[in-house]
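Pasting final-v3.pdb here (PDB, C-alpha atoms and all ligand atoms):
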MODEL        1
ATOM      1  CA  MET W   1      82.642  10.831 -28.872
ATOM      2  CA  GLN W   2      79.882  10.433 -31.492
ATOM      3  CA  LYS W   3      78.411  13.578 -33.065
ATOM      4  CA  VAL W   4      74.631  13.311 -32.812
ATOM      5  CA  VAL W   5      71.666  15.246 -34.121
ATOM      6  CA  TRP W   6      68.511  14.139 -32.320
ATOM      7  CA  ASP W   7      64.908  14.267 -33.501
ATOM      8  CA  MET W   8      62.524  13.761 -30.578
ATOM      9  CA  ASP W   9      58.984  14.259 -29.265
ATOM     10  CA  PRO W  10      59.469  14.845 -25.486
ATOM     11  CA  GLY W  11      57.609  12.967 -23.799
ATOM     12  CA  ILE W  12      58.781  11.403 -20.569
ATOM     13  CA  ASP W  13      61.099   8.775 -22.052
ATOM     14  CA  ASP W  14      62.599  11.235 -24.549
ATOM     15  CA  ALA W  15      63.392  13.496 -21.575
ATOM     16  CA  LEU W  16      64.922  10.645 -19.562
ATOM     17  CA  SER W  17      67.016   9.787 -22.592
ATOM     18  CA  LEU W  18      68.168  13.398 -22.912
ATOM     19  CA  ILE W  19      69.189  13.451 -19.242
ATOM     20  CA  LEU W  20      71.246  10.289 -19.805
ATOM     21  CA  ALA W  21      72.824  11.707 -22.972
ATOM     22  CA  LEU W  22      73.939  14.891 -21.220
ATOM     23  CA  ARG W  23      75.775  12.737 -18.667
ATOM     24  CA  SER W  24      77.403  10.447 -21.224
ATOM     25  CA  PRO W  25      80.756  11.467 -22.697
ATOM     26  CA  GLU W  26      80.265   9.045 -25.582
ATOM     27  CA  VAL W  27      77.624  11.330 -27.097
ATOM     28  CA  GLY W  28      78.041  14.899 -28.331
ATOM     29  CA  ILE W  29      74.683  16.522 -29.166
ATOM     30  CA  LEU W  30      75.118  18.998 -32.035
ATOM     31  CA  GLY W  31      71.446  19.902 -31.982
ATOM     32  CA  ILE W  32      67.908  18.771 -31.324
ATOM     33  CA  THR W  33      64.940  18.849 -33.661
ATOM     34  CA  VAL W  34      61.422  18.341 -32.399
ATOM     35  CA  VAL W  35      58.373  16.769 -33.975
ATOM     36  CA  ALA W  36      54.736  16.390 -32.949
ATOM     37  CA  GLY W  37      54.051  12.978 -31.461
ATOM     38  CA  ASN W  38      53.672  12.389 -27.738
ATOM     39  CA  ALA W  39      52.601  16.025 -27.556
ATOM     40  CA  PRO W  40      51.785  18.787 -30.041
ATOM     41  CA  LEU W  41      54.787  20.487 -31.664
ATOM     42  CA  GLU W  42      54.686  23.624 -29.499
ATOM     43  CA  MET W  43      54.901  21.442 -26.367
ATOM     44  CA  THR W  44      57.679  19.187 -27.653
ATOM     45  CA  GLY W  45      59.654  22.296 -28.646
ATOM     46  CA  SER W  46      59.120  23.855 -25.240
ATOM     47  CA  ASN W  47      59.862  20.613 -23.373
ATOM     48  CA  ALA W  48      63.172  20.025 -25.139
ATOM     49  CA  ARG W  49      64.367  23.534 -24.268
ATOM     50  CA  ARG W  50      63.060  23.322 -20.693
ATOM     51  CA  VAL W  51      64.954  20.106 -20.009
ATOM     52  CA  LEU W  52      68.138  21.431 -21.653
ATOM     53  CA  GLU W  53      68.028  24.649 -19.631
ATOM     54  CA  HIS W  54      67.285  22.730 -16.430
ATOM     55  CA  LEU W  55      70.502  20.784 -17.054
ATOM     56  CA  ASP W  56      72.578  23.827 -17.952
ATOM     57  CA  ALA W  57      72.699  22.785 -21.632
ATOM     58  CA  GLY W  58      70.580  25.602 -23.016
ATOM     59  CA  ASN W  59      73.301  26.331 -25.581
ATOM     60  CA  ILE W  60      72.217  23.281 -27.629
ATOM     61  CA  PRO W  61      69.998  24.539 -30.477
ATOM     62  CA  VAL W  62      66.427  23.262 -30.791
ATOM     63  CA  ALA W  63      64.746  23.455 -34.210
ATOM     64  CA  ALA W  64      61.065  22.741 -34.767
ATOM     65  CA  GLY W  65      59.695  20.559 -37.552
ATOM     66  CA  ALA W  66      56.365  19.005 -38.392
ATOM     67  CA  ALA W  67      53.192  19.768 -36.445
ATOM     68  CA  LYS W  68      51.460  16.687 -37.879
ATOM     69  CA  PRO W  69      52.258  13.502 -39.791
ATOM     70  CA  LEU W  70      52.818  13.684 -43.558
ATOM     71  CA  CYS W  71      49.260  12.853 -44.508
ATOM     72  CA  ARG W  72      47.306  12.104 -41.345
ATOM     73  CA  PRO W  73      46.027  14.096 -38.348
ATOM     74  CA  LEU W  74      48.124  14.091 -35.176
ATOM     75  CA  GLU W  75      46.923  11.805 -32.395
ATOM     76  CA  ASP W  76      49.073  12.694 -29.382
ATOM     77  CA  ALA W  77      49.751  10.638 -26.244
ATOM     78  CA  LEU W  78      49.275  13.299 -23.558
ATOM     79  CA  GLY W  79      46.991  10.828 -21.809
ATOM     80  CA  TYR W  80      50.138   8.801 -21.120
ATOM     81  CA  HIS W  81      52.811  11.507 -20.714
ATOM     82  CA  GLY W  82      50.804  14.025 -18.672
ATOM     83  CA  PRO W  83      49.045  17.291 -19.512
ATOM     84  CA  TYR W  84      52.199  19.008 -20.832
ATOM     85  CA  GLY W  85      54.105  15.896 -21.886
ATOM     86  CA  LEU W  86      56.553  15.771 -18.964
ATOM     87  CA  GLY W  87      54.509  14.062 -16.275
ATOM     88  CA  ASP W  88      53.758  16.422 -13.400
ATOM     89  CA  SER W  89      57.161  18.112 -13.458
ATOM     90  CA  SER W  90      57.020  21.884 -13.325
ATOM     91  CA  LEU W  91      60.070  23.209 -15.160
ATOM     92  CA  PRO W  92      60.035  26.951 -15.896
ATOM     93  CA  PRO W  93      59.158  28.066 -19.427
ATOM     94  CA  PRO W  94      62.180  28.081 -21.766
ATOM     95  CA  ALA W  95      64.309  31.219 -21.930
ATOM     96  CA  ALA W  96      65.899  30.406 -25.292
ATOM     97  CA  SER W  97      64.065  30.784 -28.585
ATOM     98  CA  LEU W  98      63.756  28.022 -31.135
ATOM     99  CA  HIS W  99      66.514  27.808 -33.739
ATOM    100  CA  PRO W 100      65.401  29.783 -36.853
ATOM    101  CA  GLU W 101      65.835  26.919 -39.368
ATOM    102  CA  PRO W 102      63.139  24.273 -39.807
ATOM    103  CA  ALA W 103      64.158  20.847 -38.504
ATOM    104  CA  TRP W 104      64.767  19.280 -41.937
ATOM    105  CA  ASP W 105      67.187  22.008 -42.995
ATOM    106  CA  PHE W 106      68.975  21.891 -39.630
ATOM    107  CA  LEU W 107      69.465  18.120 -39.924
ATOM    108  CA  SER W 108      70.774  18.416 -43.474
ATOM    109  CA  ARG W 109      73.191  21.257 -42.696
ATOM    110  CA  ALA W 110      74.634  19.372 -39.723
ATOM    111  CA  ALA W 111      75.384  16.369 -41.934
ATOM    112  CA  LEU W 112      76.790  18.497 -44.763
ATOM    113  CA  GLU W 113      79.190  20.227 -42.353
ATOM    114  CA  ALA W 114      80.644  16.874 -41.239
ATOM    115  CA  PRO W 115      80.070  14.273 -43.965
ATOM    116  CA  GLY W 116      80.064  10.706 -42.633
ATOM    117  CA  GLU W 117      80.557  11.835 -39.028
ATOM    118  CA  VAL W 118      77.057  12.619 -37.748
ATOM    119  CA  THR W 119      74.584  10.034 -36.451
ATOM    120  CA  LEU W 120      70.887  10.872 -36.509
ATOM    121  CA  LEU W 121      69.069   9.628 -33.405
ATOM    122  CA  ALA W 122      65.279   9.583 -33.861
ATOM    123  CA  THR W 123      63.012   8.904 -30.905
ATOM    124  CA  GLY W 124      59.712  10.215 -32.209
ATOM    125  CA  PRO W 125      57.514   9.765 -35.262
ATOM    126  CA  LEU W 126      59.717   9.942 -38.378
ATOM    127  CA  THR W 127      57.967  12.882 -40.053
ATOM    128  CA  ASN W 128      60.908  15.303 -39.768
ATOM    129  CA  VAL W 129      63.407  12.675 -40.919
ATOM    130  CA  ALA W 130      61.299  11.805 -43.949
ATOM    131  CA  CYS W 131      60.915  15.503 -44.802
ATOM    132  CA  ALA W 132      64.685  15.959 -44.498
ATOM    133  CA  PHE W 133      65.398  12.958 -46.745
ATOM    134  CA  GLU W 134      62.879  14.103 -49.364
ATOM    135  CA  ARG W 135      64.134  17.714 -49.418
ATOM    136  CA  HIS W 136      67.808  16.711 -49.283
ATOM    137  CA  PRO W 137      68.182  13.401 -51.189
ATOM    138  CA  GLN W 138      71.921  13.264 -50.467
ATOM    139  CA  LEU W 139      71.293  13.259 -46.692
ATOM    140  CA  PRO W 140      70.955   9.470 -46.117
ATOM    141  CA  GLY W 141      74.381   8.935 -47.656
ATOM    142  CA  LEU W 142      75.978  11.798 -45.714
ATOM    143  CA  LEU W 143      74.982  10.448 -42.295
ATOM    144  CA  ALA W 144      77.179   8.030 -40.343
ATOM    145  CA  GLY W 145      73.878   6.264 -39.667
ATOM    146  CA  VAL W 146      70.393   6.479 -38.193
ATOM    147  CA  VAL W 147      69.467   5.004 -34.810
ATOM    148  CA  LEU W 148      65.726   5.052 -34.268
ATOM    149  CA  MET W 149      63.262   3.981 -31.609
ATOM    150  CA  GLY W 150      60.363   2.470 -33.472
ATOM    151  CA  GLY W 151      58.580  -0.659 -34.562
ATOM    152  CA  ALA W 152      57.497  -3.994 -33.149
ATOM    153  CA  TYR W 153      59.099  -6.816 -35.107
ATOM    154  CA  GLY W 154      57.922 -10.017 -33.420
ATOM    155  CA  LEU W 155      61.524 -10.917 -32.530
ATOM    156  CA  THR W 156      60.538 -11.562 -28.907
ATOM    157  CA  SER W 157      57.218 -12.178 -27.149
ATOM    158  CA  TYR W 158      57.183  -8.409 -26.388
ATOM    159  CA  GLY W 159      57.443  -7.436 -30.034
ATOM    160  CA  ARG W 160      53.768  -6.531 -30.327
ATOM    161  CA  GLY W 161      52.157  -3.100 -30.769
ATOM    162  CA  ASN W 162      51.590  -0.547 -28.015
ATOM    163  CA  ARG W 163      49.378   1.918 -29.933
ATOM    164  CA  THR W 164      47.427  -0.861 -31.589
ATOM    165  CA  PRO W 165      47.954  -4.620 -31.272
ATOM    166  CA  ALA W 166      49.924  -4.458 -34.534
ATOM    167  CA  ALA W 167      51.859  -1.186 -34.324
ATOM    168  CA  GLU W 168      54.312   0.758 -32.172
ATOM    169  CA  PHE W 169      53.384   4.425 -31.523
ATOM    170  CA  ASN W 170      56.126   6.239 -33.486
ATOM    171  CA  ILE W 171      55.604   4.173 -36.627
ATOM    172  CA  TRP W 172      51.814   4.113 -36.247
ATOM    173  CA  GLN W 173      51.708   7.905 -35.945
ATOM    174  CA  ASP W 174      53.321   8.390 -39.377
ATOM    175  CA  PRO W 175      53.693   5.130 -41.332
ATOM    176  CA  GLU W 176      54.264   6.933 -44.632
ATOM    177  CA  ALA W 177      57.235   8.769 -43.118
ATOM    178  CA  ALA W 178      58.580   5.541 -41.653
ATOM    179  CA  ARG W 179      58.420   3.844 -45.051
ATOM    180  CA  VAL W 180      60.401   6.757 -46.604
ATOM    181  CA  VAL W 181      63.077   6.404 -43.924
ATOM    182  CA  PHE W 182      63.418   2.607 -44.050
ATOM    183  CA  ASP W 183      63.600   2.734 -47.854
ATOM    184  CA  SER W 184      66.054   5.655 -47.936
ATOM    185  CA  GLY W 185      69.301   3.691 -48.159
ATOM    186  CA  ALA W 186      70.531   5.169 -44.873
ATOM    187  CA  GLY W 187      72.336   2.764 -42.527
ATOM    188  CA  ILE W 188      69.549   2.190 -40.009
ATOM    189  CA  LEU W 189      69.567   0.576 -36.597
ATOM    190  CA  ALA W 190      66.089   0.154 -35.111
ATOM    191  CA  VAL W 191      65.267  -0.433 -31.437
ATOM    192  CA  GLY W 192      61.693  -1.655 -31.131
ATOM    193  CA  LEU W 193      59.259  -2.843 -28.521
ATOM    194  CA  ASP W 194      60.778  -6.317 -28.843
ATOM    195  CA  VAL W 195      63.454  -5.143 -26.388
ATOM    196  CA  SER W 196      61.915  -2.043 -24.771
ATOM    197  CA  MET W 197      58.766  -3.781 -23.517
ATOM    198  CA  GLY W 198      60.747  -6.560 -21.862
ATOM    199  CA  PRO W 199      60.302  -6.246 -18.055
ATOM    200  CA  ALA W 200      64.058  -6.609 -17.544
ATOM    201  CA  ALA W 201      64.574  -3.243 -19.289
ATOM    202  CA  CYS W 202      61.918  -1.275 -17.384
ATOM    203  CA  LEU W 203      62.711   0.880 -14.349
ATOM    204  CA  GLY W 204      61.002  -0.328 -11.188
ATOM    205  CA  ALA W 205      60.559   0.752  -7.568
ATOM    206  CA  ARG W 206      64.070  -0.134  -6.415
ATOM    207  CA  HIS W 207      65.613   1.863  -9.263
ATOM    208  CA  LEU W 208      63.432   4.845  -8.342
ATOM    209  CA  GLU W 209      64.551   4.575  -4.723
ATOM    210  CA  ARG W 210      68.174   4.788  -5.869
ATOM    211  CA  ILE W 211      67.489   7.708  -8.216
ATOM    212  CA  ARG W 212      65.743   9.538  -5.377
ATOM    213  CA  THR W 213      69.027   9.573  -3.423
ATOM    214  CA  GLY W 214      70.476  11.922  -6.061
ATOM    215  CA  GLN W 215      70.682  15.637  -5.254
ATOM    216  CA  THR W 216      71.539  17.068  -8.686
ATOM    217  CA  PRO W 217      68.983  18.786 -10.976
ATOM    218  CA  ALA W 218      69.273  15.789 -13.312
ATOM    219  CA  ALA W 219      68.571  13.236 -10.582
ATOM    220  CA  CYS W 220      65.666  15.255  -9.204
ATOM    221  CA  LEU W 221      64.027  15.653 -12.632
ATOM    222  CA  ALA W 222      64.591  12.002 -13.501
ATOM    223  CA  ALA W 223      62.995  10.958 -10.195
ATOM    224  CA  GLN W 224      59.941  13.136 -10.909
ATOM    225  CA  LEU W 225      59.482  11.729 -14.403
ATOM    226  CA  VAL W 226      60.002   8.103 -13.368
ATOM    227  CA  GLN W 227      57.699   8.484 -10.364
ATOM    228  CA  TYR W 228      54.914   9.923 -12.514
ATOM    229  CA  GLU W 229      55.069   7.094 -15.017
ATOM    230  CA  MET W 230      55.258   4.437 -12.297
ATOM    231  CA  ARG W 231      52.311   5.920 -10.431
ATOM    232  CA  HIS W 232      50.168   6.127 -13.569
ATOM    233  CA  HIS W 233      51.358   3.129 -15.544
ATOM    234  CA  GLY W 234      52.926   0.713 -13.041
ATOM    235  CA  CYS W 235      56.490   0.873 -14.379
ATOM    236  CA  CYS W 236      58.693   3.224 -16.410
ATOM    237  CA  ARG W 237      59.275   2.078 -19.966
ATOM    238  CA  MET W 238      62.705   3.013 -21.305
ATOM    239  CA  HIS W 239      62.008   3.038 -25.051
ATOM    240  CA  ASP W 240      64.065   6.115 -25.948
ATOM    241  CA  PRO W 241      66.897   5.641 -23.410
ATOM    242  CA  LEU W 242      67.422   2.185 -24.967
ATOM    243  CA  ALA W 243      67.787   3.730 -28.423
ATOM    244  CA  LEU W 244      70.354   6.187 -27.051
ATOM    245  CA  ALA W 245      72.153   3.324 -25.257
ATOM    246  CA  VAL W 246      73.073   1.861 -28.660
ATOM    247  CA  LEU W 247      75.385   4.873 -29.056
ATOM    248  CA  ILE W 248      76.800   4.499 -25.547
ATOM    249  CA  ASP W 249      77.413   0.728 -25.478
ATOM    250  CA  ALA W 250      76.163  -1.361 -28.403
ATOM    251  CA  SER W 251      77.431  -4.503 -26.607
ATOM    252  CA  LEU W 252      74.259  -4.288 -24.508
ATOM    253  CA  PHE W 253      72.317  -5.509 -27.537
ATOM    254  CA  ARG W 254      72.056  -8.259 -30.106
ATOM    255  CA  PHE W 255      70.834  -7.421 -33.600
ATOM    256  CA  VAL W 256      69.409  -9.151 -36.648
ATOM    257  CA  SER W 257      69.614  -7.870 -40.245
ATOM    258  CA  GLY W 258      66.776  -7.588 -42.672
ATOM    259  CA  LYS W 259      64.560  -5.443 -44.837
ATOM    260  CA  VAL W 260      61.861  -3.612 -42.860
ATOM    261  CA  GLU W 261      58.431  -3.325 -44.424
ATOM    262  CA  VAL W 262      55.999  -0.731 -43.014
ATOM    263  CA  MET W 263      52.236  -1.199 -43.497
ATOM    264  CA  VAL W 264      50.718   2.103 -44.599
ATOM    265  CA  THR W 265      47.111   0.972 -44.734
ATOM    266  CA  ASP W 266      44.283   2.557 -42.730
ATOM    267  CA  GLY W 267      43.126  -0.717 -41.245
ATOM    268  CA  PRO W 268      44.241  -2.618 -38.139
ATOM    269  CA  GLU W 269      47.637  -3.240 -39.769
ATOM    270  CA  ARG W 270      48.423   0.508 -39.971
ATOM    271  CA  GLY W 271      52.029   1.058 -38.887
ATOM    272  CA  ALA W 272      52.864  -2.620 -38.474
ATOM    273  CA  THR W 273      56.539  -3.381 -39.149
ATOM    274  CA  ARG W 274      57.791  -6.650 -40.578
ATOM    275  CA  ILE W 275      61.288  -7.956 -41.272
ATOM    276  CA  SER W 276      61.868  -9.851 -44.473
ATOM    277  CA  PRO W 277      65.183 -11.730 -44.682
ATOM    278  CA  LEU W 278      67.830 -10.429 -47.025
ATOM    279  CA  ASP W 279      68.482 -12.706 -49.987
ATOM    280  CA  ASN W 280      72.178 -13.372 -50.598
ATOM    281  CA  GLY W 281      73.576 -10.107 -51.847
ATOM    282  CA  GLN W 282      70.139  -8.437 -51.801
ATOM    283  CA  GLU W 283      70.302  -4.871 -50.645
ATOM    284  CA  SER W 284      68.292  -4.034 -47.522
ATOM    285  CA  SER W 285      65.508  -1.508 -47.030
ATOM    286  CA  GLY W 286      65.763  -0.002 -50.462
ATOM    287  CA  GLY W 287      69.379   1.002 -50.146
ATOM    288  CA  SER W 288      72.980  -0.124 -49.880
ATOM    289  CA  ARG W 289      73.426  -0.644 -46.140
ATOM    290  CA  PRO W 290      71.803  -3.426 -44.077
ATOM    291  CA  THR W 291      69.096  -2.513 -41.578
ATOM    292  CA  GLN W 292      69.861  -3.798 -38.084
ATOM    293  CA  ILE W 293      67.031  -4.502 -35.667
ATOM    294  CA  ALA W 294      67.597  -5.061 -31.925
ATOM    295  CA  SER W 295      66.598  -8.607 -30.976
ATOM    296  CA  ALA W 296      67.829  -8.717 -27.350
ATOM    297  CA  VAL W 297      69.192  -6.430 -24.632
ATOM    298  CA  ASP W 298      70.974  -7.018 -21.324
ATOM    299  CA  GLY W 299      68.296  -5.171 -19.348
ATOM    300  CA  ALA W 300      70.004  -5.317 -15.966
ATOM    301  CA  ARG W 301      73.255  -3.916 -17.332
ATOM    302  CA  PHE W 302      71.373  -1.195 -19.223
ATOM    303  CA  LEU W 303      69.415  -0.102 -16.141
ATOM    304  CA  GLU W 304      72.589  -0.058 -14.060
ATOM    305  CA  LEU W 305      74.206   2.166 -16.691
ATOM    306  CA  PHE W 306      71.200   4.516 -16.599
ATOM    307  CA  VAL W 307      70.911   4.786 -12.792
ATOM    308  CA  SER W 308      74.657   5.077 -12.162
ATOM    309  CA  ARG W 309      75.040   7.883 -14.683
ATOM    310  CA  ILE W 310      71.970   9.719 -13.367
ATOM    311  CA  LEU W 311      73.549   9.584  -9.892
ATOM    312  CA  ASP W 312      77.027  10.548 -11.037
ATOM    313  CA  GLU W 313      77.619  13.727  -9.078
ATOM    314  CA  ARG W 314      80.336  14.939 -11.463
ATOM    315  CA  HIS W 315      77.637  16.414 -13.707
ATOM    316  CA  VAL W 316      74.710  18.796 -13.252
TER     317      VAL W 316
HETATM  318  O1  LIG B 401      56.353   3.576 -28.586
HETATM  319  C1  LIG B 401      57.233   4.299 -27.771
HETATM  320  C2  LIG B 401      57.734   5.518 -28.465
HETATM  321  O2  LIG B 401      56.637   6.394 -28.780
HETATM  322  C3  LIG B 401      58.668   6.363 -27.591
HETATM  323  O3  LIG B 401      59.567   7.062 -28.408
HETATM  324  C4  LIG B 401      57.726   7.323 -26.922
HETATM  325  O4  LIG B 401      58.380   8.515 -26.482
HETATM  326  C5  LIG B 401      56.791   7.630 -28.048
HETATM  327  O5  LIG B 401      57.390   8.623 -28.867
HETATM  328 CA    CA B 402      59.686   9.517 -28.135
ENDMDL
END
As structure tokens, please, write out the structure in this file.
Ligand code: RIB
Ligand code: CA
Amino acid sequence: MQKVVWDMDPGIDDALSLILALRSPEVGILGITVVAGNAPLEMTGSNARRVLEHLDAGNIPVAAGAAKPLCRPLEDALGYHGPYGLGDSSLPPPAASLHPEPAWDFLSRAALEAPGEVTLLATGPLTNVACAFERHPQLPGLLAGVVLMGGAYGLTSYGRGNRTPAAEFNIWQDPEAARVVFDSGAGILAVGLDVSMGPAACLGARHLERIRTGQTPAACLAAQLVQYEMRHHGCCRMHDPLALAVLIDASLFRFVSGKVEVMVTDGPERGATRISPLDNGQESSGGSRPTQIASAVDGARFLELFVSRILDERHV
């Protein structure tokens, strides 16, 4: 089992990913930190706790971080994720309070308590991660690695932007933070739109029909979230569940190595991500470990993993 600390901005696909994680023995969630992104910080903090409590995992601590990007205003995506960020689901308000530490201190302490053992999964804008790395410079080297959902690298015909033609939402939201993270020297594995926008990796009507046969709280919530996104957007994009899937079964993916450049301009290139090849012996992304970027995924096998685990009655 991999120890994981998870920075997220729930959001429908973050929530679907959390449901999958809680039904996957390969992943042990030490804690969750939340960031503003899909929704304002108060909502992402509430949504993480609501989903955890719905799935009888309310013991997992949730720490709040940044309410806005490092140096830009927040531009949320509630127009996509629904008025409260979780479609039209109606989970009760959270019973548990937020963890008292800010997200960046929580992330650092988790890594310090288990040097080299903890993987940081990031499925939102990278503001909290950048803050953690800047406040705790030893953190990148203490982590087993970073798996992040973010970027559009032109590795497939789907590797174009979804917030702008050039940029993926998480990176676009806080490009300065993304540059700090990619240049941190942490061992980074990035899952971008190149694989998550491929139709083979998106949930469709027949998957929803199967999920609807589930009777558990997890299956019922997943069905609600998937149904909302399909009704409003035609299919259910699995950006964040794909990032989590790297920790469950990396054989689902193929990767390329390179140095990731993030455009931090204000123009149409804001948040664009480009891969430059590593020269022989050149270090990647400002540090000692190569950056891996997902270039392909076995979409059918990934979706089967997702649906079968959602329907597995051995869990909540
Ligand atoms: O571009 C998709 C990413 O942005 C996903 O993580 C989604 O939840 C949003 O955060
Ligand atoms: Ca997200």
Practice problem: Considering only C-alpha atoms, state which residue in the set W:Ile310, W:Leu16, W:Ala36, W:Met263 is at the smallest distance from Gln215 of chain W. | Solution: W:Ile310
Practice problem: Between atom CA of Leu143 of chain W and atom CA of Arg160 of chain W, measure the distance and give it in Å to one decimal. | Solution: 29.7 Å
Quiz prompt | atom CA of Glu26 of chain W to atom CA of Val51 of chain W, distance in Å rounded to a single decimal | solution = 19.7 Å
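The spacing separating atom CA of His99 of chain W from atom CA of Thr44 of chain W amounts to 13.8 Å.
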Quiz item: Mind telling me what the PyMOL selection byres (((chain W and resi 107-115) around 7) and not hetatm) catches here, as a list in words?
Solution: Val5, Ala103, Trp104, Asp105, Phe106, Gly116, Glu117, Val118, Ala132, His136, Leu139, Leu142 and Leu143 of chain W
Quiz item: Quick one: residues within 7 Å of ligand CA 402 (chain B), with only C-alpha atoms and all ligand atoms, as number ranges by chain?
Solution: W: 8-11, 13-14, 38, 123-124, 240
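Take the candidates W:Lys3, W:Gly159, W:Gln173, W:Arg210 and check each one against Ala144 of chain W using only C-alpha atoms; the shortest distance goes to W:Lys3.
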Practice problem: Could you pull out the residues sitting within 10 Å of ligand LIG 401 (chain B), using all atoms listed in the file, and write them as a VMD selection string? | Solution: chain W and resid 8 to 17 35 to 39 76 to 77 80 to 81 85 122 to 126 148 to 152 161 to 163 167 to 173 191 to 193 196 to 197 237 to 243
Exercise. Considering all atoms listed in the file, state which residue in the set W:Ala96, W:Ile211, W:Val146, W:Leu74 is at the smallest distance from Leu225 of chain W.
Key: W:Ile211
